[in-house]
Amino acid sequence: MIYLDNAATTRLAPEVLEEMLPYFSENYGNPGSVCSMGTAAKRAVNGSRESIADSMGAEAGEIYFTAGGTEADNWALKAAALAHKGGHIITTRIEHHAVLRTCSYLEEKGFEVTWLDVDRYGMVRMEELEAAVRPDTILISVMFANNEIGTLEPIAEIGALAGKRGILFHTDAVQAYGQVPIRVRELGIDLMSVSAHKLNGPKGVGCLYVRNGLKLGPFVHGGGQERSRRAGTENVPGIVGFGAAARRAVRNMGARTARETALRDYLLERLLKEIPDCRLNGHPRLRLPGNVNVSFSGIVGESLLIMLDMKGICASSGAACTSGALEPSHVLLAIGLQEEEARGALRLTLSEENTKQELDIAVQEIKQCVLRLREMHI
């Protein structure tokens, strides 16, 4: 099997699993208990909190563990909105559905939302963002990197604008964290969502960075866990794995991303050169190291995925959370693709484990499958 779907999820790293295992069977105490096993679990949770904070230039007290990126997005947007009891929110049309649908929910509750368009690369236009700001704007939410086309947004510029205007700035960094350097203070980020399973950590755990001084209400009511902002017994093995994955990602980032970028560019060059009517989606340079998103005219991406899967190649046509949806990608439509072009998209996302030999095999199979589908007109 050749796995090229790392934007959907990554393989749990063996060293991460090794750190997690004792907290399933030996050190299984509740971090809220005062007994020795409980205090050992609490130390492990706090150790991971410090590792994750260090990885993004934050303080440990600014990290709140969640069940993943979707929960973190929901918490950030809803809590920021409720803290102001009304006002105006700015986001983009290419956000993850965790942000899009939360903003739609807030619209139903009386908040006004401006949905920014993007350019043909999926990039926010700063002049349009600035023009959208109003006296009652309370929150700007723009993803760090797009999960489908890989485009990196001008986060530092957005953070500077938001800080200058006294507006909260949230970014969904689920795809970017661990892939590109992130220093929350330098970038002017107030709230940031992260998920562990995108960086060789476990599924079902993530965090929300909340800048010190922000008065956001709790997302889950109950006990006093996560400093009374997110009740519920902590997922200790998951949190330990998250911390281990964060340390690993930071330690290996330079060499890993350089290798992924080289493989990405090699794969993209071959696809564009060897398959007629193939186009790149997203920015040609300002994109995630391992992201390749292309469209092939005259085919349906879902048919291509099925054929590739039968040949042992795992890929996707867009976000995993919308797999099987009949509508074309909202991201591809937002960057100006026609419906037919959007339906012919293929997303290939690499990891440090992929090899040039695998990519050569993948290109050959993709060429054959595209040719066959065009001959069949599906």
# chains A, B, ... in the order shown; residues from 1 in each chain; ligands from 1
call {"tool": "residues_around", "arguments": {"residues": "region 352-360 of chain A", "least_positions_apart": "5", "cutoff": "9 Å", "atoms": "only C-alpha atoms", "output": "PyMOL selection string"}}
result
chain A and resi 2-4+256-257+259-260+263+266-267+270+290+365
call {"tool": "select_by_dssp", "arguments": {"residues": "region 227-279 of chain A", "states": "helix (DSSP H, G or I)", "output": "PyMOL selection string"}}
result
chain A and resi 227-228+236-274
call {"tool": "closest_residue", "arguments": {"among": "A:Pro284, A:Gly301, A:Pro14, A:Gly188", "to": "Ile149 (chain A)", "atoms": "only C-alpha atoms"}}
result
A:Pro284
call {"tool": "closest_atom_pairs", "arguments": {"of": "region 155-228 of chain A", "to": "region 49-65 of chain A", "cutoff": "9 Å", "atoms": "only C-alpha atoms", "output": "Markdown table"}}
result
| residue | atom | partner | partner_atom | distance |
| --- | --- | --- | --- | --- |
| A:Tyr177 | CA | A:Met56 | CA | 8.4 |
| A:Gly178 | CA | A:Ser55 | CA | 8.4 |
| A:Pro181 | CA | A:Met56 | CA | 7.7 |
| A:Ile182 | CA | A:Met56 | CA | 5.3 |
| A:Arg183 | CA | A:Met56 | CA | 4.8 |
| A:Val184 | CA | A:Gly57 | CA | 6.0 |
| A:Arg185 | CA | A:Gly57 | CA | 6.9 |
| A:Glu186 | CA | A:Gly57 | CA | 8.6 |
| A:Val205 | CA | A:Phe65 | CA | 7.1 |
| A:Gly206 | CA | A:Phe65 | CA | 5.8 |
| A:Cys207 | CA | A:Phe65 | CA | 4.2 |
| A:Leu208 | CA | A:Tyr64 | CA | 5.3 |
| A:Tyr209 | CA | A:Ile63 | CA | 4.8 |
| A:Val210 | CA | A:Glu62 | CA | 5.1 |
| A:Arg211 | CA | A:Glu62 | CA | 5.8 |
| A:Asn212 | CA | A:Glu62 | CA | 6.1 |
| A:Glu226 | CA | A:Tyr64 | CA | 6.0 |
| A:Arg227 | CA | A:Tyr64 | CA | 8.5 |
call {"tool": "write_last_selection", "arguments": {"atoms": "N, CA, C and O atoms", "output": "compact mmCIF listing (two decimals), in the first residue's frame"}}
result
# COMPACT_ATOMS: atom_id res chain seq x y z
N TYR A 177 0.12 23.06 12.09
CA TYR A 177 0.90 22.80 13.30
C TYR A 177 1.75 21.54 13.13
O TYR A 177 1.26 20.48 12.75
N GLY A 178 3.03 21.68 13.40
CA GLY A 178 3.96 20.56 13.23
C GLY A 178 4.53 20.48 11.84
O GLY A 178 5.48 19.73 11.60
N PRO A 181 6.83 26.31 11.19
CA PRO A 181 7.05 26.95 12.50
C PRO A 181 5.89 27.89 12.85
O PRO A 181 5.42 28.66 12.01
N ILE A 182 5.45 27.81 14.10
CA ILE A 182 4.38 28.68 14.59
C ILE A 182 4.79 29.24 15.94
O ILE A 182 5.08 28.48 16.87
N ARG A 183 4.80 30.56 16.05
CA ARG A 183 5.06 31.26 17.32
C ARG A 183 3.88 32.19 17.53
O ARG A 183 3.76 33.24 16.87
N VAL A 184 2.99 31.82 18.42
CA VAL A 184 1.70 32.51 18.52
C VAL A 184 1.83 33.99 18.85
O VAL A 184 1.08 34.82 18.32
N ARG A 185 2.78 34.35 19.69
CA ARG A 185 2.90 35.76 20.07
C ARG A 185 3.44 36.61 18.92
O ARG A 185 2.97 37.72 18.68
N GLU A 186 4.42 36.09 18.23
CA GLU A 186 4.98 36.83 17.10
C GLU A 186 3.95 37.03 16.00
O GLU A 186 3.99 38.01 15.26
N VAL A 205 -7.76 13.71 20.29
CA VAL A 205 -7.19 14.66 21.24
C VAL A 205 -6.61 15.84 20.46
O VAL A 205 -6.05 15.68 19.38
N GLY A 206 -6.79 17.02 21.00
CA GLY A 206 -6.26 18.25 20.41
C GLY A 206 -6.18 19.29 21.50
O GLY A 206 -6.24 18.97 22.70
N CYS A 207 -6.06 20.54 21.10
CA CYS A 207 -6.03 21.59 22.11
C CYS A 207 -6.48 22.91 21.51
O CYS A 207 -6.50 23.08 20.28
N LEU A 208 -6.86 23.81 22.40
CA LEU A 208 -7.12 25.20 22.03
C LEU A 208 -6.14 26.06 22.79
O LEU A 208 -6.06 25.99 24.02
N TYR A 209 -5.36 26.83 22.06
CA TYR A 209 -4.51 27.85 22.68
C TYR A 209 -5.36 29.07 22.94
O TYR A 209 -6.07 29.56 22.05
N VAL A 210 -5.34 29.55 24.17
CA VAL A 210 -6.10 30.74 24.57
C VAL A 210 -5.11 31.72 25.21
O VAL A 210 -4.55 31.45 26.27
N ARG A 211 -4.88 32.82 24.55
CA ARG A 211 -3.92 33.80 25.05
C ARG A 211 -4.29 34.26 26.46
O ARG A 211 -5.47 34.48 26.76
N ASN A 212 -3.29 34.36 27.32
CA ASN A 212 -3.53 34.83 28.68
C ASN A 212 -4.25 36.17 28.68
O ASN A 212 -3.92 37.05 27.89
N GLU A 226 -9.21 21.18 33.33
CA GLU A 226 -8.75 22.24 32.42
C GLU A 226 -9.11 23.62 32.97
O GLU A 226 -9.63 24.48 32.28
N ARG A 227 -8.82 23.76 34.26
CA ARG A 227 -9.04 25.04 34.95
C ARG A 227 -10.47 25.52 34.80
O ARG A 227 -10.76 26.69 34.55
call {"tool": "closest_residue", "arguments": {"among": "A:Gly282, A:Gly204, A:Pro289, A:Gly47", "to": "Ala176 (chain A)", "atoms": "only C-alpha atoms"}}
result
A:Pro289
call {"tool": "residues_around", "arguments": {"residues": "Arg120 (chain A)", "least_positions_apart": "3", "cutoff": "8 Å", "atoms": "only C-alpha atoms", "output": "list in words"}}
result
Met123, Gly282, Ile335 and Gly336 of chain A
call {"tool": "write_last_selection", "arguments": {"atoms": "N, CA and C atoms", "output": "PDB file, in the first residue's frame"}}
result
ATOM      1  N   MET A 123      -5.831  32.504  -1.341  1.00  0.00           N
ATOM      2  CA  MET A 123      -5.217  33.435  -0.395  1.00  0.00           C
ATOM      3  C   MET A 123      -6.180  34.567  -0.054  1.00  0.00           C
ATOM      4  N   GLY A 282      -4.226  25.738  -5.626  1.00  0.00           N
ATOM      5  CA  GLY A 282      -3.515  26.303  -4.488  1.00  0.00           C
ATOM      6  C   GLY A 282      -2.294  27.080  -4.939  1.00  0.00           C
ATOM      7  N   ILE A 335     -12.043  29.181  -5.229  1.00  0.00           N
ATOM      8  CA  ILE A 335     -10.865  29.700  -5.942  1.00  0.00           C
ATOM      9  C   ILE A 335     -11.134  29.836  -7.440  1.00  0.00           C
ATOM     10  N   GLY A 336     -12.379  29.613  -7.841  1.00  0.00           N
ATOM     11  CA  GLY A 336     -12.766  29.908  -9.212  1.00  0.00           C
ATOM     12  C   GLY A 336     -12.908  28.734 -10.151  1.00  0.00           C
TER      13      GLY A 336
END
call {"tool": "select_by_dssp", "arguments": {"residues": "region 298-354 of chain A", "states": "strand (DSSP E or B)", "output": "list of chain:residue names"}}
result
A:Ile313, A:Cys314, A:Ser316, A:Ala345, A:Leu346, A:Arg347, A:Leu348, A:Thr349
call {"tool": "write_last_selection", "arguments": {"atoms": "C-alpha atoms", "output": "mmCIF file, in the first residue's frame"}}
result
data_model
loop_
_atom_site.group_PDB
_atom_site.id
_atom_site.type_symbol
_atom_site.label_atom_id
_atom_site.label_comp_id
_atom_site.auth_asym_id
_atom_site.auth_seq_id
_atom_site.Cartn_x
_atom_site.Cartn_y
_atom_site.Cartn_z
ATOM 1 C CA ILE A 313 -2.827 3.772 -3.417
ATOM 2 C CA CYS A 314 -4.632 5.787 -0.723
ATOM 3 C CA SER A 316 -8.507 11.710 -1.422
ATOM 4 C CA ALA A 345 -9.721 16.957 -8.121
ATOM 5 C CA LEU A 346 -7.175 14.683 -6.471
ATOM 6 C CA ARG A 347 -5.423 15.475 -3.188
ATOM 7 C CA LEU A 348 -2.133 13.700 -2.525
ATOM 8 C CA THR A 349 -0.573 14.478 0.854
#
call {"tool": "closest_residue", "arguments": {"among": "A:Gln179, A:Thr66, A:Ser36, A:Asn74", "to": "Glu234 (chain A)", "atoms": "only C-alpha atoms"}}
result
A:Thr66
call {"tool": "residues_around", "arguments": {"residues": "Met310 (chain A)", "least_positions_apart": "5", "cutoff": "12 Å", "atoms": "only C-alpha atoms", "output": "list of chain:residue names"}}
result
A:Met1, A:Ile2, A:Ser303, A:Leu304, A:Leu305, A:Ala315, A:Glu365, A:Ile366, A:Cys369
call {"tool": "closest_residue", "arguments": {"among": "A:Arg125, A:His170, A:Arg264, A:Arg230", "to": "Pro154 (chain A)", "atoms": "only C-alpha atoms"}}
result
A:Arg125
call {"tool": "residues_around", "arguments": {"residues": "Leu21 (chain A)", "least_positions_apart": "2", "cutoff": "12 Å", "atoms": "only C-alpha atoms", "output": "mmCIF file with N, CA and C atoms, in the first residue's frame"}}
result
data_model
loop_
_atom_site.group_PDB
_atom_site.id
_atom_site.type_symbol
_atom_site.label_atom_id
_atom_site.label_comp_id
_atom_site.auth_asym_id
_atom_site.auth_seq_id
_atom_site.Cartn_x
_atom_site.Cartn_y
_atom_site.Cartn_z
ATOM 1 N N PRO A 14 5.758 5.091 16.202
ATOM 2 C CA PRO A 14 6.037 4.046 17.193
ATOM 3 C C PRO A 14 6.504 4.606 18.529
ATOM 4 N N GLU A 15 7.364 5.645 18.517
ATOM 5 C CA GLU A 15 7.843 6.197 19.780
ATOM 6 C C GLU A 15 6.740 6.918 20.545
ATOM 7 N N VAL A 16 5.743 7.434 19.818
ATOM 8 C CA VAL A 16 4.592 8.057 20.470
ATOM 9 C C VAL A 16 3.740 6.988 21.152
ATOM 10 N N LEU A 17 3.475 5.907 20.438
ATOM 11 C CA LEU A 17 2.724 4.796 21.022
ATOM 12 C C LEU A 17 3.418 4.254 22.258
ATOM 13 N N GLU A 18 4.730 4.145 22.198
ATOM 14 C CA GLU A 18 5.494 3.612 23.326
ATOM 15 C C GLU A 18 5.291 4.463 24.583
ATOM 16 N N GLU A 19 5.251 5.788 24.412
ATOM 17 C CA GLU A 19 5.026 6.659 25.575
ATOM 18 C C GLU A 19 3.590 6.563 26.084
ATOM 19 N N TYR A 23 0.044 4.349 30.150
ATOM 20 C CA TYR A 23 -1.100 5.073 30.715
ATOM 21 C C TYR A 23 -2.431 4.403 30.393
ATOM 22 N N PHE A 24 -2.371 3.298 29.637
ATOM 23 C CA PHE A 24 -3.555 2.469 29.447
ATOM 24 C C PHE A 24 -3.642 1.381 30.513
ATOM 25 N N SER A 25 -2.472 0.877 30.945
ATOM 26 C CA SER A 25 -2.487 -0.341 31.753
ATOM 27 C C SER A 25 -1.809 -0.222 33.112
ATOM 28 N N GLU A 26 -0.732 0.543 33.207
ATOM 29 C CA GLU A 26 -0.001 0.623 34.468
ATOM 30 C C GLU A 26 -0.308 1.906 35.225
ATOM 31 N N ASN A 27 -0.052 3.045 34.595
ATOM 32 C CA ASN A 27 -0.301 4.335 35.237
ATOM 33 C C ASN A 27 -1.676 4.865 34.844
ATOM 34 N N TYR A 28 -2.711 4.114 35.256
ATOM 35 C CA TYR A 28 -4.053 4.411 34.772
ATOM 36 C C TYR A 28 -4.860 5.316 35.710
ATOM 37 N N PRO A 202 -2.089 10.567 18.378
ATOM 38 C CA PRO A 202 -3.335 9.792 18.402
ATOM 39 C C PRO A 202 -4.547 10.614 17.973
ATOM 40 N N VAL A 236 -5.816 10.788 29.364
ATOM 41 C CA VAL A 236 -4.392 10.801 29.706
ATOM 42 C C VAL A 236 -3.518 10.154 28.636
ATOM 43 N N PRO A 237 -3.835 8.921 28.165
ATOM 44 C CA PRO A 237 -2.969 8.349 27.121
ATOM 45 C C PRO A 237 -2.908 9.233 25.874
ATOM 46 N N GLY A 238 -4.052 9.783 25.474
ATOM 47 C CA GLY A 238 -4.079 10.646 24.300
ATOM 48 C C GLY A 238 -3.260 11.905 24.491
ATOM 49 N N ILE A 239 -3.372 12.513 25.658
ATOM 50 C CA ILE A 239 -2.624 13.739 25.942
ATOM 51 C C ILE A 239 -1.127 13.454 25.987
ATOM 52 N N VAL A 240 -0.757 12.331 26.596
ATOM 53 C CA VAL A 240 0.660 11.936 26.622
ATOM 54 C C VAL A 240 1.171 11.747 25.196
ATOM 55 N N GLY A 241 0.369 11.088 24.352
ATOM 56 C CA GLY A 241 0.750 10.896 22.963
ATOM 57 C C GLY A 241 0.850 12.200 22.204
#
call {"tool": "closest_residue", "arguments": {"among": "A:Thr70, A:Thr137, A:Ser104, A:Asn291", "to": "His88 (chain A)", "atoms": "only C-alpha atoms"}}
result
A:Thr137
call {"tool": "atom_distance", "arguments": {"atom1": "CA of Pro276 (chain A)", "atom2": "CA of Arg372 (chain A)"}}
result
13.2 Å
call {"tool": "closest_residue", "arguments": {"among": "A:Lys311, A:Phe242, A:Leu350, A:Arg343", "to": "Asp265 (chain A)", "atoms": "only C-alpha atoms"}}
result
A:Leu350
call {"tool": "atom_distance", "arguments": {"atom1": "CA of Leu199 (chain A)", "atom2": "CA of His97 (chain A)"}}
result
20.3 Å
call {"tool": "residues_around", "arguments": {"residues": "Phe219 (chain A)", "least_positions_apart": "4", "cutoff": "9 Å", "atoms": "only C-alpha atoms", "output": "PDB file with all heavy atoms, in the first residue's frame"}}
result
ATOM      1  N   GLU A  71     -13.661  20.357  17.969  1.00  0.00           N
ATOM      2  CA  GLU A  71     -14.112  20.887  19.258  1.00  0.00           C
ATOM      3  C   GLU A  71     -13.416  22.205  19.565  1.00  0.00           C
ATOM      4  O   GLU A  71     -14.044  23.161  20.046  1.00  0.00           O
ATOM      5  CB  GLU A  71     -13.842  19.889  20.387  1.00  0.00           C
ATOM      6  CG  GLU A  71     -14.334  20.391  21.741  1.00  0.00           C
ATOM      7  CD  GLU A  71     -13.939  19.507  22.904  1.00  0.00           C
ATOM      8  OE1 GLU A  71     -14.096  18.273  22.794  1.00  0.00           O
ATOM      9  OE2 GLU A  71     -13.465  20.052  23.923  1.00  0.00           O
ATOM     10  N   ASN A  74     -15.036  24.963  17.541  1.00  0.00           N
ATOM     11  CA  ASN A  74     -16.343  25.299  18.106  1.00  0.00           C
ATOM     12  C   ASN A  74     -16.202  26.129  19.375  1.00  0.00           C
ATOM     13  O   ASN A  74     -16.900  27.130  19.562  1.00  0.00           O
ATOM     14  CB  ASN A  74     -17.129  24.014  18.404  1.00  0.00           C
ATOM     15  CG  ASN A  74     -17.926  23.523  17.234  1.00  0.00           C
ATOM     16  OD1 ASN A  74     -19.135  23.710  17.172  1.00  0.00           O
ATOM     17  ND2 ASN A  74     -17.260  22.888  16.278  1.00  0.00           N
ATOM     18  N   TRP A  75     -15.312  25.697  20.238  1.00  0.00           N
ATOM     19  CA  TRP A  75     -15.115  26.400  21.507  1.00  0.00           C
ATOM     20  C   TRP A  75     -14.634  27.834  21.267  1.00  0.00           C
ATOM     21  O   TRP A  75     -15.182  28.783  21.819  1.00  0.00           O
ATOM     22  CB  TRP A  75     -14.112  25.622  22.351  1.00  0.00           C
ATOM     23  CG  TRP A  75     -13.849  26.170  23.718  1.00  0.00           C
ATOM     24  CD1 TRP A  75     -14.456  27.243  24.323  1.00  0.00           C
ATOM     25  CD2 TRP A  75     -12.916  25.662  24.665  1.00  0.00           C
ATOM     26  NE1 TRP A  75     -13.946  27.433  25.581  1.00  0.00           N
ATOM     27  CE2 TRP A  75     -13.009  26.477  25.812  1.00  0.00           C
ATOM     28  CE3 TRP A  75     -12.012  24.600  24.662  1.00  0.00           C
ATOM     29  CZ2 TRP A  75     -12.220  26.253  26.948  1.00  0.00           C
ATOM     30  CZ3 TRP A  75     -11.238  24.380  25.780  1.00  0.00           C
ATOM     31  CH2 TRP A  75     -11.342  25.197  26.920  1.00  0.00           C
ATOM     32  N   ALA A  76     -13.628  27.985  20.413  1.00  0.00           N
ATOM     33  CA  ALA A  76     -13.062  29.311  20.169  1.00  0.00           C
ATOM     34  C   ALA A  76     -14.122  30.276  19.651  1.00  0.00           C
ATOM     35  O   ALA A  76     -14.271  31.403  20.157  1.00  0.00           O
ATOM     36  CB  ALA A  76     -11.909  29.205  19.180  1.00  0.00           C
ATOM     37  N   LYS A  78     -17.573  29.997  19.501  1.00  0.00           N
ATOM     38  CA  LYS A  78     -18.769  30.201  20.334  1.00  0.00           C
ATOM     39  C   LYS A  78     -18.447  30.981  21.604  1.00  0.00           C
ATOM     40  O   LYS A  78     -19.200  31.885  21.995  1.00  0.00           O
ATOM     41  CB  LYS A  78     -19.391  28.846  20.677  1.00  0.00           C
ATOM     42  CG  LYS A  78     -20.002  28.143  19.478  1.00  0.00           C
ATOM     43  CD  LYS A  78     -20.505  26.755  19.848  1.00  0.00           C
ATOM     44  CE  LYS A  78     -21.086  26.041  18.634  1.00  0.00           C
ATOM     45  NZ  LYS A  78     -21.509  24.652  18.949  1.00  0.00           N
ATOM     46  N   ALA A  79     -17.325  30.653  22.230  1.00  0.00           N
ATOM     47  CA  ALA A  79     -16.980  31.353  23.473  1.00  0.00           C
ATOM     48  C   ALA A  79     -16.630  32.811  23.200  1.00  0.00           C
ATOM     49  O   ALA A  79     -17.013  33.709  23.961  1.00  0.00           O
ATOM     50  CB  ALA A  79     -15.811  30.650  24.160  1.00  0.00           C
ATOM     51  N   ARG A 229     -12.609  25.131  32.515  1.00  0.00           N
ATOM     52  CA  ARG A 229     -13.090  25.578  31.200  1.00  0.00           C
ATOM     53  C   ARG A 229     -13.530  24.432  30.295  1.00  0.00           C
ATOM     54  O   ARG A 229     -14.247  24.642  29.329  1.00  0.00           O
ATOM     55  CB  ARG A 229     -12.006  26.394  30.483  1.00  0.00           C
ATOM     56  CG  ARG A 229     -11.932  27.840  30.972  1.00  0.00           C
ATOM     57  CD  ARG A 229     -10.854  28.598  30.246  1.00  0.00           C
ATOM     58  NE  ARG A 229     -11.050  30.043  30.336  1.00  0.00           N
ATOM     59  CZ  ARG A 229     -10.185  30.950  29.917  1.00  0.00           C
ATOM     60  NH1 ARG A 229      -9.045  30.560  29.376  1.00  0.00           N
ATOM     61  NH2 ARG A 229     -10.438  32.233  30.014  1.00  0.00           N
ATOM     62  N   ARG A 230     -13.071  23.219  30.595  1.00  0.00           N
ATOM     63  CA  ARG A 230     -13.442  22.079  29.769  1.00  0.00           C
ATOM     64  C   ARG A 230     -13.538  20.857  30.681  1.00  0.00           C
ATOM     65  O   ARG A 230     -12.570  20.154  30.923  1.00  0.00           O
ATOM     66  CB  ARG A 230     -12.397  21.875  28.669  1.00  0.00           C
ATOM     67  CG  ARG A 230     -12.883  21.099  27.453  1.00  0.00           C
ATOM     68  CD  ARG A 230     -12.673  19.610  27.606  1.00  0.00           C
ATOM     69  NE  ARG A 230     -12.914  18.888  26.368  1.00  0.00           N
ATOM     70  CZ  ARG A 230     -12.829  17.576  26.257  1.00  0.00           C
ATOM     71  NH1 ARG A 230     -12.489  16.827  27.306  1.00  0.00           N
ATOM     72  NH2 ARG A 230     -13.075  16.981  25.116  1.00  0.00           N
ATOM     73  N   ALA A 231     -14.754  20.634  31.203  1.00  0.00           N
ATOM     74  CA  ALA A 231     -14.961  19.587  32.204  1.00  0.00           C
ATOM     75  C   ALA A 231     -14.851  18.200  31.569  1.00  0.00           C
ATOM     76  O   ALA A 231     -15.023  18.024  30.367  1.00  0.00           O
ATOM     77  CB  ALA A 231     -16.320  19.763  32.858  1.00  0.00           C
TER      78      ALA A 231
END
call {"tool": "atom_distance", "arguments": {"atom1": "CA of Val99 (chain A)", "atom2": "CA of Ser141 (chain A)"}}
result
8.0 Å
